[in-house]
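> Structure supplied as start_32.cif; contents: mmCIF, C-alpha atoms and all ligand atoms.
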data_upload
#
loop_
_atom_site.group_PDB
_atom_site.id
_atom_site.type_symbol
_atom_site.label_atom_id
_atom_site.label_comp_id
_atom_site.auth_asym_id
_atom_site.auth_seq_id
_atom_site.Cartn_x
_atom_site.Cartn_y
_atom_site.Cartn_z
ATOM 1 C CA MET A 1 133.708 73.736 112.476
ATOM 2 C CA PHE A 2 134.117 77.040 110.649
ATOM 3 C CA TYR A 3 131.658 79.820 109.996
ATOM 4 C CA ASP A 4 131.685 83.265 108.421
ATOM 5 C CA PRO A 5 130.205 85.852 110.844
ATOM 6 C CA ARG A 6 129.256 88.070 107.903
ATOM 7 C CA ILE A 7 126.591 85.515 107.016
ATOM 8 C CA ASN A 8 126.387 83.778 110.429
ATOM 9 C CA ASP A 9 126.261 80.302 108.886
ATOM 10 C CA HIS A 10 127.311 78.572 112.145
ATOM 11 C CA GLY A 11 124.310 76.244 112.145
ATOM 12 C CA LEU A 12 124.293 76.222 115.961
ATOM 13 C CA PRO A 13 121.220 77.049 118.062
ATOM 14 C CA HIS A 14 122.859 80.291 119.349
ATOM 15 C CA ASP A 15 125.547 82.601 117.997
ATOM 16 C CA PRO A 16 128.795 81.338 119.621
ATOM 17 C CA PHE A 17 130.938 84.488 119.084
ATOM 18 C CA LYS A 18 130.737 85.874 122.604
ATOM 19 C CA SER A 19 131.681 82.487 124.060
ATOM 20 C CA CYS A 20 134.856 82.454 121.953
ATOM 21 C CA VAL A 21 136.320 85.440 123.793
ATOM 22 C CA ALA A 22 135.600 84.599 127.385
ATOM 23 C CA PRO A 23 135.479 85.623 130.112
ATOM 24 C CA ARG A 24 134.755 89.313 129.549
ATOM 25 C CA PRO A 25 135.087 91.569 132.596
ATOM 26 C CA ILE A 26 132.119 93.742 133.469
ATOM 27 C CA GLY A 27 132.348 97.497 133.922
ATOM 28 C CA TRP A 28 129.403 98.602 136.017
ATOM 29 C CA ILE A 29 129.265 102.155 134.858
ATOM 30 C CA SER A 30 127.807 105.026 136.845
ATOM 31 C CA SER A 31 127.245 108.377 135.175
ATOM 32 C CA VAL A 32 124.992 111.389 135.552
ATOM 33 C CA ALA A 33 122.629 113.018 133.103
ATOM 34 C CA GLN A 34 122.742 116.770 132.569
ATOM 35 C CA ASP A 35 119.728 117.137 134.881
ATOM 36 C CA GLY A 36 121.636 115.280 137.638
ATOM 37 C CA THR A 37 119.837 111.904 137.395
ATOM 38 C CA VAL A 38 122.171 109.070 138.394
ATOM 39 C CA ASN A 39 122.499 106.275 135.833
ATOM 40 C CA LEU A 40 124.005 102.823 136.318
ATOM 41 C CA ALA A 41 124.404 99.931 133.844
ATOM 42 C CA PRO A 42 126.688 96.931 133.249
ATOM 43 C CA TYR A 43 128.876 96.758 130.123
ATOM 44 C CA SER A 44 130.856 93.612 129.308
ATOM 45 C CA PHE A 45 132.475 94.873 126.141
ATOM 46 C CA PHE A 46 134.730 96.504 128.709
ATOM 47 C CA ASN A 47 138.372 96.385 129.630
ATOM 48 C CA ALA A 48 141.461 98.207 130.814
ATOM 49 C CA VAL A 49 143.361 98.998 127.612
ATOM 50 C CA ALA A 50 146.495 100.752 128.880
ATOM 51 C CA ASP A 51 148.204 101.501 132.189
ATOM 52 C CA ASN A 52 150.484 104.489 131.607
ATOM 53 C CA PRO A 53 148.287 106.424 131.904
ATOM 54 C CA PRO A 54 145.562 103.958 132.909
ATOM 55 C CA MET A 55 142.756 103.921 130.328
ATOM 56 C CA VAL A 56 139.553 101.901 130.088
ATOM 57 C CA MET A 57 136.984 101.393 127.369
ATOM 58 C CA PHE A 58 133.462 100.048 126.979
ATOM 59 C CA VAL A 59 131.198 99.643 123.976
ATOM 60 C CA ALA A 60 127.622 100.895 123.901
ATOM 61 C CA SER A 61 125.829 99.034 121.120
ATOM 62 C CA GLY A 62 122.543 99.972 119.576
ATOM 63 C CA ASN A 63 119.490 101.536 121.054
ATOM 64 C CA ASP A 64 117.207 100.367 123.785
ATOM 65 C CA ILE A 65 113.534 101.283 123.750
ATOM 66 C CA TYR A 66 114.404 104.883 124.730
ATOM 67 C CA GLY A 67 117.042 105.363 122.019
ATOM 68 C CA LEU A 68 120.794 105.725 122.533
ATOM 69 C CA LYS A 69 122.097 104.028 125.685
ATOM 70 C CA HIS A 70 121.937 106.548 128.523
ATOM 71 C CA THR A 71 125.463 105.752 129.724
ATOM 72 C CA LEU A 72 126.974 106.945 126.454
ATOM 73 C CA SER A 73 124.805 110.039 126.054
ATOM 74 C CA ASN A 74 125.499 111.053 129.680
ATOM 75 C CA ILE A 75 129.258 110.634 129.357
ATOM 76 C CA GLU A 76 129.446 112.484 126.054
ATOM 77 C CA SER A 77 127.523 115.404 127.539
ATOM 78 C CA THR A 78 128.952 115.576 131.075
ATOM 79 C CA GLY A 79 132.501 114.258 130.489
ATOM 80 C CA ASP A 80 133.043 111.648 133.183
ATOM 81 C CA PHE A 81 132.013 108.278 134.608
ATOM 82 C CA VAL A 82 132.969 105.644 137.169
ATOM 83 C CA CYS A 83 133.665 101.961 136.473
ATOM 84 C CA ASN A 84 132.510 100.069 139.521
ATOM 85 C CA ILE A 85 133.453 96.413 139.513
ATOM 86 C CA GLY A 86 130.680 93.867 139.961
ATOM 87 C CA THR A 87 131.250 90.975 142.323
ATOM 88 C CA TRP A 88 129.593 87.703 143.194
ATOM 89 C CA ALA A 89 127.877 89.345 146.171
ATOM 90 C CA LEU A 90 126.424 92.100 143.926
ATOM 91 C CA ARG A 91 125.450 89.945 140.939
ATOM 92 C CA HIS A 92 121.680 90.344 141.295
ATOM 93 C CA GLN A 93 121.852 94.140 141.663
ATOM 94 C CA LEU A 94 124.210 94.283 138.665
ATOM 95 C CA ASN A 95 121.786 92.316 136.524
ATOM 96 C CA LYS A 96 118.872 94.481 137.674
ATOM 97 C CA THR A 97 120.620 97.632 136.443
ATOM 98 C CA SER A 98 120.619 96.264 132.877
ATOM 99 C CA THR A 99 116.836 96.838 132.732
ATOM 100 C CA PRO A 100 116.038 99.412 130.024
ATOM 101 C CA VAL A 101 114.375 101.932 132.338
ATOM 102 C CA SER A 102 113.679 105.522 131.281
ATOM 103 C CA ALA A 103 116.316 108.230 131.744
ATOM 104 C CA ASP A 104 114.522 109.847 134.691
ATOM 105 C CA ILE A 105 114.956 106.757 136.918
ATOM 106 C CA ASN A 106 117.861 106.860 139.389
ATOM 107 C CA GLU A 107 119.238 103.344 138.857
ATOM 108 C CA MET A 108 121.262 103.308 142.109
ATOM 109 C CA ASP A 109 117.972 103.737 143.973
ATOM 110 C CA TYR A 110 116.253 101.282 141.620
ATOM 111 C CA ALA A 111 118.779 98.548 142.533
ATOM 112 C CA LYS A 112 118.816 99.564 146.237
ATOM 113 C CA LEU A 113 122.483 100.569 146.094
ATOM 114 C CA ASN A 114 124.083 103.537 147.846
ATOM 115 C CA ALA A 115 125.682 106.302 145.783
ATOM 116 C CA ILE A 116 128.720 107.992 147.325
ATOM 117 C CA PRO A 117 130.624 110.978 145.911
ATOM 118 C CA SER A 118 133.769 110.526 143.854
ATOM 119 C CA LYS A 119 136.965 112.488 144.498
ATOM 120 C CA ASN A 120 137.995 113.626 141.020
ATOM 121 C CA VAL A 121 134.848 113.294 138.882
ATOM 122 C CA SER A 122 131.225 114.344 139.240
ATOM 123 C CA SER A 123 129.700 110.868 138.681
ATOM 124 C CA PRO A 124 129.016 109.006 141.943
ATOM 125 C CA ARG A 125 130.320 105.541 142.802
ATOM 126 C CA ILE A 126 128.597 102.514 144.320
ATOM 127 C CA LYS A 127 129.374 102.233 148.015
ATOM 128 C CA GLU A 128 128.880 98.446 147.976
ATOM 129 C CA SER A 129 131.405 97.800 145.166
ATOM 130 C CA PRO A 130 134.989 97.167 146.382
ATOM 131 C CA ILE A 131 136.719 98.874 143.428
ATOM 132 C CA HIS A 132 135.908 102.141 141.668
ATOM 133 C CA LEU A 133 137.794 103.649 138.737
ATOM 134 C CA GLU A 134 136.984 107.335 138.378
ATOM 135 C CA CYS A 135 137.299 108.259 134.693
ATOM 136 C CA GLU A 136 137.460 111.406 132.619
ATOM 137 C CA TYR A 137 135.905 110.930 129.180
ATOM 138 C CA ASP A 138 138.637 110.791 126.530
ATOM 139 C CA GLN A 139 137.014 110.008 123.168
ATOM 140 C CA THR A 140 134.462 107.874 121.324
ATOM 141 C CA LEU A 141 135.310 105.664 118.372
ATOM 142 C CA ASP A 142 132.236 104.796 116.297
ATOM 143 C CA LEU A 143 132.418 101.312 114.751
ATOM 144 C CA PRO A 144 130.289 99.886 111.936
ATOM 145 C CA PHE A 145 126.986 98.491 113.195
ATOM 146 C CA ASN A 146 124.469 96.051 111.735
ATOM 147 C CA GLY A 147 121.501 97.578 113.476
ATOM 148 C CA GLU A 148 119.756 100.678 114.787
ATOM 149 C CA GLY A 149 121.826 103.299 116.565
ATOM 150 C CA ARG A 150 125.530 103.587 117.227
ATOM 151 C CA ASN A 151 128.201 101.006 118.071
ATOM 152 C CA SER A 152 130.512 103.214 120.074
ATOM 153 C CA VAL A 153 133.764 102.458 121.866
ATOM 154 C CA CYS A 154 133.983 104.990 124.663
ATOM 155 C CA PHE A 155 137.448 105.557 126.163
ATOM 156 C CA GLY A 156 138.097 107.029 129.589
ATOM 157 C CA ARG A 157 141.250 108.103 131.377
ATOM 158 C CA VAL A 158 141.357 106.808 134.932
ATOM 159 C CA VAL A 159 141.945 109.729 137.304
ATOM 160 C CA GLY A 160 141.082 108.110 140.632
ATOM 161 C CA ILE A 161 141.158 104.533 141.953
ATOM 162 C CA HIS A 162 139.443 103.360 145.140
ATOM 163 C CA ILE A 163 140.228 99.908 146.546
ATOM 164 C CA SER A 164 138.419 98.658 149.630
ATOM 165 C CA GLU A 165 140.766 97.630 152.453
ATOM 166 C CA GLU A 166 138.529 94.576 152.855
ATOM 167 C CA ILE A 167 139.839 92.957 149.667
ATOM 168 C CA LEU A 168 143.548 93.516 150.421
ATOM 169 C CA SER A 169 145.833 90.802 151.837
ATOM 170 C CA ASP A 170 149.507 91.660 152.456
ATOM 171 C CA GLY A 171 149.162 94.697 150.205
ATOM 172 C CA LEU A 172 147.817 92.756 147.206
ATOM 173 C CA ILE A 173 144.284 92.653 145.840
ATOM 174 C CA ASP A 174 143.121 89.262 147.032
ATOM 175 C CA MET A 175 140.966 87.746 144.288
ATOM 176 C CA GLU A 176 139.382 85.307 146.698
ATOM 177 C CA LYS A 177 138.068 88.258 148.710
ATOM 178 C CA PHE A 178 137.303 90.428 145.661
ATOM 179 C CA ARG A 179 135.451 87.695 143.684
ATOM 180 C CA PRO A 180 134.807 89.709 140.486
ATOM 181 C CA ILE A 181 132.266 88.252 138.082
ATOM 182 C CA ALA A 182 132.678 88.157 134.310
ATOM 183 C CA ARG A 183 130.494 87.351 131.377
ATOM 184 C CA LEU A 184 130.757 84.272 129.206
ATOM 185 C CA GLY A 185 128.535 83.817 126.159
ATOM 186 C CA TYR A 186 124.804 83.094 126.218
ATOM 187 C CA HIS A 187 123.357 83.771 129.710
ATOM 188 C CA GLN A 188 126.463 82.385 131.390
ATOM 189 C CA TYR A 189 128.767 84.115 133.863
ATOM 190 C CA THR A 190 131.831 83.127 135.843
ATOM 191 C CA VAL A 191 133.363 84.222 139.124
ATOM 192 C CA VAL A 192 137.083 84.328 139.880
ATOM 193 C CA GLU A 193 137.714 81.498 142.336
ATOM 194 C CA LYS A 194 141.033 80.069 141.243
ATOM 195 C CA VAL A 195 144.300 81.962 140.851
ATOM 196 C CA PHE A 196 147.694 80.704 139.676
ATOM 197 C CA GLU A 197 151.021 82.451 139.105
ATOM 198 C CA MET A 198 153.565 82.251 136.295
ATOM 199 C CA ILE A 199 156.824 84.167 136.209
ATOM 200 C CA ARG A 200 157.582 85.721 132.840
ATOM 201 C CA PRO A 201 160.823 84.388 131.254
ATOM 202 C CA THR A 202 163.779 86.732 130.768
ATOM 203 C CA ILE A 203 166.330 86.702 127.954
ATOM 204 C CA GLU A 204 168.731 84.815 130.314
ATOM 205 C CA ASP A 205 166.318 81.860 130.215
ATOM 206 C CA VAL A 206 166.773 81.408 126.424
HETATM 207 C C1 LIG B 301 126.298 91.608 132.215
HETATM 208 C C2 LIG B 301 125.786 92.541 131.142
HETATM 209 C C3 LIG B 301 126.673 93.094 130.252
HETATM 210 C C4 LIG B 301 126.230 93.988 129.258
HETATM 211 N N1 LIG B 301 127.139 94.504 128.371
HETATM 212 C C5 LIG B 301 126.740 95.390 127.434
HETATM 213 C C6 LIG B 301 127.697 95.947 126.520
HETATM 214 O O1 LIG B 301 128.894 95.653 126.540
HETATM 215 N N2 LIG B 301 127.244 96.861 125.618
HETATM 216 C C7 LIG B 301 125.917 97.237 125.563
HETATM 217 O O2 LIG B 301 125.574 98.081 124.741
HETATM 218 N N3 LIG B 301 125.001 96.716 126.420
HETATM 219 C C8 LIG B 301 125.383 95.821 127.359
HETATM 220 N N4 LIG B 301 124.473 95.298 128.233
HETATM 221 C C9 LIG B 301 123.098 95.798 128.202
HETATM 222 C C10 LIG B 301 123.004 97.125 128.982
HETATM 223 O O3 LIG B 301 123.370 96.953 130.334
HETATM 224 C C11 LIG B 301 121.539 97.627 128.900
HETATM 225 O O4 LIG B 301 121.225 97.953 127.549
HETATM 226 C C12 LIG B 301 121.266 98.815 129.803
HETATM 227 O O5 LIG B 301 119.886 99.057 129.872
HETATM 228 C C13 LIG B 301 121.936 100.078 129.307
HETATM 229 O O6 LIG B 301 121.631 101.087 130.244
HETATM 230 P P1 LIG B 301 121.802 102.620 129.954
HETATM 231 O O7 LIG B 301 120.846 102.980 128.820
HETATM 232 O O8 LIG B 301 121.403 103.237 131.272
HETATM 233 O O9 LIG B 301 123.230 102.860 129.592
HETATM 234 C C14 LIG B 301 124.864 94.354 129.188
HETATM 235 C C15 LIG B 301 123.950 93.756 130.090
HETATM 236 C C16 LIG B 301 124.409 92.861 131.051
HETATM 237 C C17 LIG B 301 123.425 92.235 132.002
#
How does this structure look as structure tokens?
Ligand SMILES: Cc1cc2nc3c(=O)[nH]c(=O)nc-3n(C[C@H](O)[C@H](O)[C@H](O)COP(=O)(O)O)c2cc1C


Amino acid sequence: MFYDPRINDHGLPHDPFKSCVAPRPIGWISSVAQDGTVNLAPYSFFNAVADNPPMVMFVASGNDIYGLKHTLSNIESTGDFVCNIGTWALRHQLNKTSTPVSADINEMDYAKLNAIPSKNVSSPRIKESPIHLECEYDQTLDLPFNGEGRNSVCFGRVVGIHISEEILSDGLIDMEKFRPIARLGYHQYTVVEKVFEMIRPTIEDV
């Protein structure tokens, strides 16, 4: 089949685009409002985009019922955030924090998670999450948007990385202990349960 996303003539019961690029990792982003309220929400248009220096990005699309997504407005006004990584064990709390609650609700409390201080940024991190990337806000790139509000790619420079000892085996992050979840299309998710290795060829192999 072929379809043109500008007119969305796919003829399928649901738009398949987000299932074409799958899985998408989930950045579970904690930030603080100017009045100090802690905010937490999952973003699956999220990824690491460079490693020297390490940089991440997520995309805040559109408005919820309270206007611009709080994560973006917080980061643009306070200048930092933390990407916590959601896992199988935390999947229900992660989903709960996608509820469009008002800006005065502390979403760590709302999801019964514990906030702990970061080392290099003011936004707190989630104690229960095994990996935290502390990020300084770098820049926002505003994309075109077919809807209300902004479609903003927010970039952050990673300035602190916490890895729980509990997910390390022989000095490597052990995916079977970490068990990160990722988003597929529709209402589908996946969890990392199978790992394989491939060694990259060198010019001597040609
Ligand atoms: C797994 C998951 C991934 C999501 N990814 C995105 C995303 O990439 N961009 C976006 O704008 N909203 C995304 N959402 C919706 C936001 O989490 C939701 O709008 C949330 O209320 C935003 O909270 P905030 O206003 O506190 O930032 C996602 C929701 C879920 C459950």

> So for ligand LIG 301 (chain B), what box centre and size do we get, axis-aligned, 3 Å extra on each of the six sides, every listed atom, Å to one decimal, as JSON?


{"center_x": 124.4, "center_y": 97.4, "center_z": 128.5, "size_x": 15.0, "size_y": 17.6, "size_z": 13.5}

> Hey, can you check how far CA of Tyr3 (chain A) sits from CA of Val21 (chain A)?

15.6 Å

> Give as a VMD selection string every residue, naming chains and numbers as the document does, that has an atom within 9 Å of (135.9, 116.9, 137.5), counting all atoms listed in the file.

chain A and resid 79 to 80 119 to 123 136

> Can you work out which one of A:Glu148, A:Asp170, A:Glu193, A:Glu134 has the shortest atom-to-atom distance to Trp88 (chain A), counting only C-alpha atoms?

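Ranking A:Glu148, A:Asp170, A:Glu193, A:Glu134 by distance to Trp88 (chain A), first place goes to A:Glu193.
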
> Just to confirm, what's the straight-line distance from CA of Ser61 (chain A) to CA of Lys127 (chain A) in Å (one decimal)?

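Going from CA of Ser61 (chain A) over to CA of Lys127 (chain A) covers 27.3 Å.
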
> What's the separation between CA of Ala48 (chain A) and CA of Gln139 (chain A), in Å to one decimal place?

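Taking CA of Ala48 (chain A) as the start and CA of Gln139 (chain A) as the end point, the length is 14.7 Å.
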
> Env of region 92-97 of chain A: 10 Å cut, atoms = only C-alpha atoms, seq-sep filter 3 positions within chain, self excluded. Answer as a count of residues only.

21

> I'd like the residues picked by the PyMOL selection byres (((chain A and resi 153) around 10) and not hetatm) written out as a VMD selection string, using the chain letters and numbers from the file.

chain A and resid 45 to 46 57 to 61 72 139 to 143 150 to 152 154 to 156

> Which residue gives the smallest distance to ligand LIG 301 (chain B) among A:Lys177, A:Arg91, A:Lys69, A:Arg125, with all atoms listed in the file counted?

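That would be A:Lys69, the residue with the smallest distance to ligand LIG 301 (chain B).
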
> Return the single residue from A:Arg200, A:Pro144, A:His187, A:Leu168 that is closest to Gly62 (chain A), with distances computed using only C-alpha atoms.

A:Pro144

> Which neighbours of Asp4 (chain A) fall inside 12 Å, counting only C-alpha atoms, when residues of the same chain fewer than 6 positions from it are skipped, and could you give them as JSON, numbers by chain?

{"A": [10, 11, 15, 16, 17]}

> Place N, CA and C atoms on region 177-198 of chain A and deliver the coordinates as a CSV table (one decimal), in the frame of the given file.


chain,number,residue,atom,x,y,z
A,177,LYS,N,138.9,87.3,148.0
A,177,LYS,CA,138.1,88.3,148.7
A,177,LYS,C,137.3,89.1,147.7
A,178,PHE,N,137.9,89.5,146.7
A,178,PHE,CA,137.3,90.4,145.7
A,178,PHE,C,136.2,89.7,144.9
A,179,ARG,N,136.4,88.5,144.4
A,179,ARG,CA,135.5,87.7,143.7
A,179,ARG,C,134.7,88.4,142.6
A,180,PRO,N,135.5,89.1,141.6
A,180,PRO,CA,134.8,89.7,140.5
A,180,PRO,C,134.1,88.7,139.6
A,181,ILE,N,133.0,89.1,139.0
A,181,ILE,CA,132.3,88.3,138.1
A,181,ILE,C,132.6,88.7,136.7
A,182,ALA,N,132.4,87.8,135.7
A,182,ALA,CA,132.7,88.2,134.3
A,182,ALA,C,131.7,87.4,133.5
A,183,ARG,N,131.5,87.9,132.2
A,183,ARG,CA,130.5,87.4,131.4
A,183,ARG,C,131.1,86.3,130.4
A,184,LEU,N,130.4,85.2,130.2
A,184,LEU,CA,130.8,84.3,129.2
A,184,LEU,C,129.8,84.5,128.1
A,185,GLY,N,129.6,83.6,127.2
A,185,GLY,CA,128.5,83.8,126.2
A,185,GLY,C,127.2,83.4,126.7
A,186,TYR,N,126.2,83.5,125.8
A,186,TYR,CA,124.8,83.1,126.2
A,186,TYR,C,124.4,83.8,127.5
A,187,HIS,N,123.7,83.1,128.4
A,187,HIS,CA,123.4,83.8,129.7
A,187,HIS,C,124.3,83.3,130.8
A,188,GLN,N,125.5,82.9,130.4
A,188,GLN,CA,126.5,82.4,131.4
A,188,GLN,C,127.4,83.4,131.9
A,189,TYR,N,127.8,83.3,133.2
A,189,TYR,CA,128.8,84.1,133.9
A,189,TYR,C,129.8,83.2,134.6
A,190,THR,N,130.9,83.9,135.0
A,190,THR,CA,131.8,83.1,135.8
A,190,THR,C,132.2,84.0,137.0
A,191,VAL,N,132.8,83.4,138.0
A,191,VAL,CA,133.4,84.2,139.1
A,191,VAL,C,134.8,83.8,139.4
A,192,VAL,N,135.7,84.7,139.7
A,192,VAL,CA,137.1,84.3,139.9
A,192,VAL,C,137.2,83.6,141.2
A,193,GLU,N,137.6,82.3,141.1
A,193,GLU,CA,137.7,81.5,142.3
A,193,GLU,C,139.1,80.8,142.4
A,194,LYS,N,139.8,80.8,141.3
A,194,LYS,CA,141.0,80.1,141.2
A,194,LYS,C,142.1,81.0,140.6
A,195,VAL,N,143.2,81.1,141.3
A,195,VAL,CA,144.3,82.0,140.9
A,195,VAL,C,145.6,81.1,140.8
A,196,PHE,N,146.4,81.3,139.7
A,196,PHE,CA,147.7,80.7,139.7
A,196,PHE,C,148.7,81.7,139.2
A,197,GLU,N,150.0,81.5,139.5
A,197,GLU,CA,151.0,82.5,139.1
A,197,GLU,C,152.0,81.8,138.1
A,198,MET,N,152.5,82.7,137.2
A,198,MET,CA,153.6,82.3,136.3
A,198,MET,C,154.5,83.4,136.2
